[in-house]
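Contents: one structure, followed by commentary.
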Amino acid sequence: MNAQQSSRSFVKSLLLIAAFLPAVAMSQAWPTKQPIKLVAVFPPGGSVDQVARIIAPVLSQQLGQSIIVENKGGASGVIGTSSMLSAPADGYTFAVVFDTHGVNQSLIPNMPYDSKKDIVPLVLVGTSAMVLTSNVGNEYKTFADVVAAAKAKKNVSFGTIGNGSLGHLAMALLGKNGNMEFNHIPYKGGGPLMTDAVAGHVPLAMGTVFLSKPHIDNKRIRPLAVTSSKRVAEFPDVPTIAEAGFPGFEAPAWWAVLASAKTPPDIVKRMNEELNKVLHNPDVAHKLSAQGIDISGGSVDKAKTFIDKQIDVWAKVVRDNGIKPD
């Protein structure tokens, strides 16, 4: 190598170091610069909001930095996730999402981001069964009653929190697998769904344990089956759909914390570690369990593998059933 080539090589190395230094400095300063924002991608009062507000104070204490929960609902979580991605990828804005994140990519046209490429999951907070319930006054006393009526094409109607929700897709998958016909009635969220379920205006409802349990406890609605792979502690006598005649059926609700894929890797690593500490905090674990959530935690890779699989599974259900957004 001659002197000119050596000089060029030296300059190139300096430029690479100069480009790398700001990211290093930013990562080393994190999180002292400003408060951290957790964007809850659904309105106040729902499970996403609850999860964000359970996590925030303990995470704040661990990091020594204020954490603000900002509710930004709309488009099944797309608006809130988009706002997280439009913020600087400097470790000060993250999103708390629900299982609709795994459906949006295949359901919503002209998505403003790629759910697999533009986002890195920091941690899978946990999963929960959904519960198929009936009003205590109607003819569906067991899951077998529902199956028999749906196979006989008796116009079996069920409600969910919305068109394209995981509850909707789970019932579509069930219908496809079992040659059954169901009539979907979408609601604008869990509150309106449970109001009509309790009043008997919709015969069946598919919702999370978090949403359904208060009304089951009050004996206003009856649990018929759960969508998890095993029975849930809250309802030990209620069968899984898998054991009630549909082997392998599973449709878990889930929650996760996400970051932009452009976030510096060492901040991603640190946040994963801190969030796992949060999930192991006894007070946090108790509060999440009280919401019917089975805590997951674990690595970034574990969360990504789970979420990517959910995206693929429900994309097929959307295609096979021709499901369109509202």
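The way I read the labels, and the way they are meant: chains A, B, ... in the order of the structure tokens, residue 1 as the first residue of every chain, and ligand 1 as the first ligand shown, with later ones counted on from there.
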Excluding Leu211 in chain A and any residue of its chain fewer than 3 positions from it, enumerate the residues within 10 Å of it, using only C-alpha atoms, and give them as an MDAnalysis selection string. chainID A and resid 46:47 130:131 161 190:191 193:194 206:208 214:216 291:292
Please run DSSP on the backbone and report, as an mmCIF file with N, CA and C atoms, in the first residue's frame, all residues within range 59-213 of chain A that come out as strand (DSSP E).
data_model
loop_
_atom_site.group_PDB
_atom_site.id
_atom_site.type_symbol
_atom_site.label_atom_id
_atom_site.label_comp_id
_atom_site.auth_asym_id
_atom_site.auth_seq_id
_atom_site.Cartn_x
_atom_site.Cartn_y
_atom_site.Cartn_z
ATOM 1 N N ILE A 67 -41.467 8.329 33.541
ATOM 2 C CA ILE A 67 -42.083 7.641 32.410
ATOM 3 C C ILE A 67 -43.520 8.119 32.272
ATOM 4 N N ILE A 68 -43.862 8.572 31.088
ATOM 5 C CA ILE A 68 -45.189 9.099 30.798
ATOM 6 C C ILE A 68 -45.948 8.089 29.948
ATOM 7 N N VAL A 69 -47.158 7.729 30.363
ATOM 8 C CA VAL A 69 -48.020 6.882 29.539
ATOM 9 C C VAL A 69 -48.932 7.794 28.730
ATOM 10 N N GLU A 70 -48.850 7.666 27.424
ATOM 11 C CA GLU A 70 -49.676 8.489 26.539
ATOM 12 C C GLU A 70 -50.609 7.576 25.752
ATOM 13 N N ASN A 71 -51.922 7.763 25.901
ATOM 14 C CA ASN A 71 -52.893 6.964 25.153
ATOM 15 C C ASN A 71 -53.092 7.563 23.771
ATOM 16 N N THR A 93 -39.076 6.787 23.268
ATOM 17 C CA THR A 93 -40.470 6.538 22.902
ATOM 18 C C THR A 93 -40.643 5.066 22.542
ATOM 19 N N PHE A 94 -41.539 4.395 23.262
ATOM 20 C CA PHE A 94 -41.842 2.984 23.013
ATOM 21 C C PHE A 94 -43.355 2.821 22.923
ATOM 22 N N ALA A 95 -43.807 1.671 22.460
ATOM 23 C CA ALA A 95 -45.247 1.423 22.340
ATOM 24 C C ALA A 95 -45.628 0.159 23.097
ATOM 25 N N VAL A 96 -46.789 0.208 23.745
ATOM 26 C CA VAL A 96 -47.371 -0.976 24.377
ATOM 27 C C VAL A 96 -48.555 -1.381 23.513
ATOM 28 N N VAL A 97 -48.528 -2.620 23.002
ATOM 29 C CA VAL A 97 -49.528 -3.049 22.016
ATOM 30 C C VAL A 97 -50.281 -4.297 22.484
ATOM 31 N N PHE A 98 -51.374 -4.554 21.793
ATOM 32 C CA PHE A 98 -52.242 -5.706 22.030
ATOM 33 C C PHE A 98 -52.099 -6.647 20.838
ATOM 34 N N ILE A 119 -39.983 -2.647 13.197
ATOM 35 C CA ILE A 119 -40.209 -2.689 14.642
ATOM 36 C C ILE A 119 -39.379 -3.794 15.273
ATOM 37 N N VAL A 120 -38.867 -3.532 16.471
ATOM 38 C CA VAL A 120 -38.210 -4.581 17.252
ATOM 39 C C VAL A 120 -39.001 -4.734 18.551
ATOM 40 N N PRO A 121 -39.469 -5.943 18.856
ATOM 41 C CA PRO A 121 -40.161 -6.137 20.136
ATOM 42 C C PRO A 121 -39.155 -6.190 21.272
ATOM 43 N N LEU A 122 -39.407 -5.412 22.308
ATOM 44 C CA LEU A 122 -38.502 -5.394 23.457
ATOM 45 C C LEU A 122 -38.779 -6.558 24.393
ATOM 46 N N VAL A 123 -40.056 -6.875 24.561
ATOM 47 C CA VAL A 123 -40.417 -8.016 25.406
ATOM 48 C C VAL A 123 -41.875 -8.397 25.133
ATOM 49 N N LEU A 124 -42.158 -9.678 25.210
ATOM 50 C CA LEU A 124 -43.532 -10.168 25.215
ATOM 51 C C LEU A 124 -43.988 -10.139 26.672
ATOM 52 N N VAL A 125 -44.892 -9.231 26.997
ATOM 53 C CA VAL A 125 -45.329 -9.072 28.387
ATOM 54 C C VAL A 125 -46.033 -10.335 28.871
ATOM 55 N N GLY A 126 -46.981 -10.818 28.074
ATOM 56 C CA GLY A 126 -47.709 -12.009 28.495
ATOM 57 C C GLY A 126 -48.824 -12.352 27.543
ATOM 58 N N THR A 127 -49.483 -13.460 27.834
ATOM 59 C CA THR A 127 -50.587 -13.936 27.011
ATOM 60 C C THR A 127 -51.795 -14.200 27.912
ATOM 61 N N SER A 128 -52.942 -14.341 27.282
ATOM 62 C CA SER A 128 -54.165 -14.649 28.023
ATOM 63 C C SER A 128 -55.097 -15.436 27.114
ATOM 64 N N MET A 130 -58.716 -16.135 25.533
ATOM 65 C CA MET A 130 -60.001 -15.487 25.311
ATOM 66 C C MET A 130 -61.074 -16.493 25.726
ATOM 67 N N VAL A 131 -62.228 -15.963 26.091
ATOM 68 C CA VAL A 131 -63.311 -16.800 26.589
ATOM 69 C C VAL A 131 -64.540 -16.607 25.709
ATOM 70 N N LEU A 132 -65.092 -17.718 25.223
ATOM 71 C CA LEU A 132 -66.372 -17.665 24.526
ATOM 72 C C LEU A 132 -67.458 -17.781 25.593
ATOM 73 N N THR A 133 -68.317 -16.777 25.668
ATOM 74 C CA THR A 133 -69.351 -16.753 26.700
ATOM 75 C C THR A 133 -70.741 -16.654 26.079
ATOM 76 N N SER A 134 -71.734 -17.069 26.852
ATOM 77 C CA SER A 134 -73.124 -16.893 26.423
ATOM 78 C C SER A 134 -73.891 -16.196 27.533
ATOM 79 N N ASN A 135 -74.950 -15.498 27.167
ATOM 80 C CA ASN A 135 -75.826 -14.915 28.174
ATOM 81 C C ASN A 135 -76.510 -16.053 28.931
ATOM 82 N N VAL A 156 -75.906 -18.714 14.088
ATOM 83 C CA VAL A 156 -75.334 -18.481 15.408
ATOM 84 C C VAL A 156 -74.538 -17.171 15.385
ATOM 85 N N SER A 157 -74.966 -16.208 16.187
ATOM 86 C CA SER A 157 -74.323 -14.888 16.202
ATOM 87 C C SER A 157 -73.388 -14.746 17.394
ATOM 88 N N PHE A 158 -72.261 -14.081 17.160
ATOM 89 C CA PHE A 158 -71.319 -13.796 18.246
ATOM 90 C C PHE A 158 -70.795 -12.374 18.089
ATOM 91 N N GLY A 159 -70.468 -11.756 19.209
ATOM 92 C CA GLY A 159 -69.917 -10.411 19.193
ATOM 93 C C GLY A 159 -68.456 -10.405 19.599
ATOM 94 N N THR A 160 -67.699 -9.424 19.095
ATOM 95 C CA THR A 160 -66.307 -9.223 19.491
ATOM 96 C C THR A 160 -66.057 -7.723 19.652
ATOM 97 N N PHE A 182 -70.960 -19.012 11.400
ATOM 98 C CA PHE A 182 -71.184 -18.047 12.462
ATOM 99 C C PHE A 182 -71.490 -16.681 11.854
ATOM 100 N N ASN A 183 -72.280 -15.894 12.538
ATOM 101 C CA ASN A 183 -72.594 -14.531 12.124
ATOM 102 C C ASN A 183 -71.896 -13.563 13.068
ATOM 103 N N HIS A 184 -70.934 -12.814 12.532
ATOM 104 C CA HIS A 184 -70.138 -11.911 13.370
ATOM 105 C C HIS A 184 -70.824 -10.566 13.553
ATOM 106 N N ILE A 185 -70.874 -10.096 14.815
ATOM 107 C CA ILE A 185 -71.400 -8.773 15.133
ATOM 108 C C ILE A 185 -70.273 -7.971 15.780
ATOM 109 N N PRO A 186 -69.663 -7.063 15.039
ATOM 110 C CA PRO A 186 -68.546 -6.282 15.602
ATOM 111 C C PRO A 186 -69.041 -5.123 16.458
ATOM 112 N N LEU A 204 -73.701 -14.704 21.990
ATOM 113 C CA LEU A 204 -72.355 -15.157 22.329
ATOM 114 C C LEU A 204 -71.391 -13.986 22.249
ATOM 115 N N ALA A 205 -70.346 -14.027 23.074
ATOM 116 C CA ALA A 205 -69.302 -13.001 23.023
ATOM 117 C C ALA A 205 -67.946 -13.664 23.164
ATOM 118 N N MET A 206 -66.984 -13.151 22.409
ATOM 119 C CA MET A 206 -65.606 -13.638 22.511
ATOM 120 C C MET A 206 -64.741 -12.487 22.993
ATOM 121 N N GLY A 207 -64.201 -12.625 24.203
ATOM 122 C CA GLY A 207 -63.369 -11.562 24.772
ATOM 123 C C GLY A 207 -62.316 -12.145 25.683
ATOM 124 N N THR A 208 -61.368 -11.328 26.087
ATOM 125 C CA THR A 208 -60.295 -11.789 26.970
ATOM 126 C C THR A 208 -60.839 -12.095 28.367
#
Write out as a short mmCIF file (atom, residue, chain, number, x, y, z; two decimals) with C-alpha atoms, in the first residue's frame which residues come within 12 Å of Gly248 in chain A when counting only C-alpha atoms, dropping same-chain ones fewer than 3 positions away.
data_model
loop_
_atom_site.label_atom_id
_atom_site.label_comp_id
_atom_site.auth_asym_id
_atom_site.auth_seq_id
_atom_site.Cartn_x
_atom_site.Cartn_y
_atom_site.Cartn_z
CA LEU A 173 -60.74 -20.05 12.06
CA LEU A 174 -62.98 -22.24 14.22
CA ASN A 177 -61.91 -25.89 10.69
CA THR A 227 -58.93 -20.32 23.36
CA SER A 228 -55.66 -21.13 25.16
CA SER A 229 -53.82 -24.45 24.78
CA LYS A 230 -54.55 -25.31 28.44
CA THR A 240 -60.31 -25.43 25.97
CA ILE A 241 -61.63 -25.39 22.42
CA ALA A 242 -58.81 -27.82 21.60
CA GLU A 243 -60.00 -30.44 24.09
CA ALA A 244 -63.65 -29.85 23.15
CA GLY A 245 -63.21 -31.39 19.72
CA ALA A 251 -55.70 -18.27 19.79
#
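If you look at CA of Ser83 in chain A and CA of Pro192 in chain A, they are 26.8 Å away from each other.
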Report the residues of range 38-196 of chain A whose backbone DSSP state falls under alpha helix (DSSP H), written as JSON, numbers by chain. {"A": [47, 48, 49, 50, 51, 52, 53, 54, 55, 56, 57, 58, 59, 60, 61, 62, 63, 78, 79, 80, 81, 82, 83, 84, 85, 86, 101, 102, 103, 104, 105, 106, 107, 143, 144, 145, 146, 147, 148, 149, 150, 151, 166, 167, 168, 169, 170, 171, 172, 173, 174, 175, 176, 177, 178, 190, 191, 192, 193, 194, 195, 196]}
Store the residues picked out above in a file with C-alpha atoms, as an mmCIF file, in the first residue's frame.
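Ended up saving to selection-v1.cif:
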data_model
loop_
_atom_site.group_PDB
_atom_site.id
_atom_site.type_symbol
_atom_site.label_atom_id
_atom_site.label_comp_id
_atom_site.auth_asym_id
_atom_site.auth_seq_id
_atom_site.Cartn_x
_atom_site.Cartn_y
_atom_site.Cartn_z
ATOM 1 C CA SER A 47 -56.098 -3.789 28.974
ATOM 2 C CA VAL A 48 -53.302 -2.065 27.001
ATOM 3 C CA ASP A 49 -53.699 1.055 29.131
ATOM 4 C CA GLN A 50 -53.720 -1.090 32.298
ATOM 5 C CA VAL A 51 -50.568 -2.969 31.280
ATOM 6 C CA ALA A 52 -48.716 0.265 30.451
ATOM 7 C CA ARG A 53 -49.681 1.846 33.783
ATOM 8 C CA ILE A 54 -48.715 -1.257 35.769
ATOM 9 C CA ILE A 55 -45.276 -1.344 34.126
ATOM 10 C CA ALA A 56 -44.496 2.392 34.099
ATOM 11 C CA PRO A 57 -43.872 3.228 37.792
ATOM 12 C CA VAL A 58 -41.605 0.246 38.443
ATOM 13 C CA LEU A 59 -39.654 0.821 35.225
ATOM 14 C CA SER A 60 -39.311 4.489 36.165
ATOM 15 C CA GLN A 61 -37.887 3.547 39.552
ATOM 16 C CA GLN A 62 -35.396 1.135 37.993
ATOM 17 C CA LEU A 63 -34.173 3.583 35.344
ATOM 18 C CA VAL A 78 -51.822 1.471 14.069
ATOM 19 C CA ILE A 79 -52.087 5.180 14.951
ATOM 20 C CA GLY A 80 -50.265 4.766 18.260
ATOM 21 C CA THR A 81 -47.580 2.514 16.792
ATOM 22 C CA SER A 82 -47.076 4.977 13.919
ATOM 23 C CA SER A 83 -46.583 7.813 16.400
ATOM 24 C CA MET A 84 -43.892 5.773 18.156
ATOM 25 C CA LEU A 85 -42.131 5.162 14.837
ATOM 26 C CA SER A 86 -42.328 8.820 13.826
ATOM 27 C CA HIS A 101 -50.620 -5.750 16.198
ATOM 28 C CA GLY A 102 -50.334 -9.290 14.815
ATOM 29 C CA VAL A 103 -53.377 -8.812 12.582
ATOM 30 C CA ASN A 104 -53.029 -5.266 11.279
ATOM 31 C CA GLN A 105 -50.379 -6.016 8.651
ATOM 32 C CA SER A 106 -52.715 -8.356 6.736
ATOM 33 C CA LEU A 107 -55.977 -6.562 7.474
ATOM 34 C CA PHE A 143 -69.726 -25.260 23.920
ATOM 35 C CA ALA A 144 -71.221 -28.423 22.396
ATOM 36 C CA ASP A 145 -74.553 -26.570 22.070
ATOM 37 C CA VAL A 146 -72.816 -23.851 20.053
ATOM 38 C CA VAL A 147 -71.056 -26.375 17.802
ATOM 39 C CA ALA A 148 -74.288 -28.282 17.131
ATOM 40 C CA ALA A 149 -76.201 -25.102 16.247
ATOM 41 C CA ALA A 150 -73.393 -23.775 14.019
ATOM 42 C CA LYS A 151 -73.089 -27.099 12.171
ATOM 43 C CA LEU A 166 -58.393 -11.595 17.316
ATOM 44 C CA GLY A 167 -61.752 -12.769 18.687
ATOM 45 C CA HIS A 168 -63.282 -12.346 15.239
ATOM 46 C CA LEU A 169 -60.421 -14.200 13.549
ATOM 47 C CA ALA A 170 -60.453 -16.992 16.141
ATOM 48 C CA MET A 171 -64.132 -17.664 15.461
ATOM 49 C CA ALA A 172 -63.522 -17.487 11.707
ATOM 50 C CA LEU A 173 -60.743 -20.052 12.061
ATOM 51 C CA LEU A 174 -62.979 -22.245 14.223
ATOM 52 C CA GLY A 175 -65.776 -22.060 11.661
ATOM 53 C CA LYS A 176 -63.434 -22.946 8.811
ATOM 54 C CA ASN A 177 -61.912 -25.888 10.691
ATOM 55 C CA GLY A 178 -65.257 -27.295 11.826
ATOM 56 C CA GLY A 190 -65.051 -4.185 24.978
ATOM 57 C CA GLY A 191 -67.430 -1.935 26.916
ATOM 58 C CA PRO A 192 -70.236 -1.950 24.333
ATOM 59 C CA LEU A 193 -69.700 -5.681 23.696
ATOM 60 C CA MET A 194 -70.109 -6.605 27.364
ATOM 61 C CA THR A 195 -73.108 -4.287 27.763
ATOM 62 C CA ASP A 196 -74.963 -6.170 25.032
#
Atom-to-atom span, CA of Gly298 in chain A and CA of Tyr113 in chain A, Å: 25.2 Å
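For the atom pair formed by CA of Lys72 in chain A and CA of Lys116 in chain A, the distance is 21.1 Å, given to one decimal.
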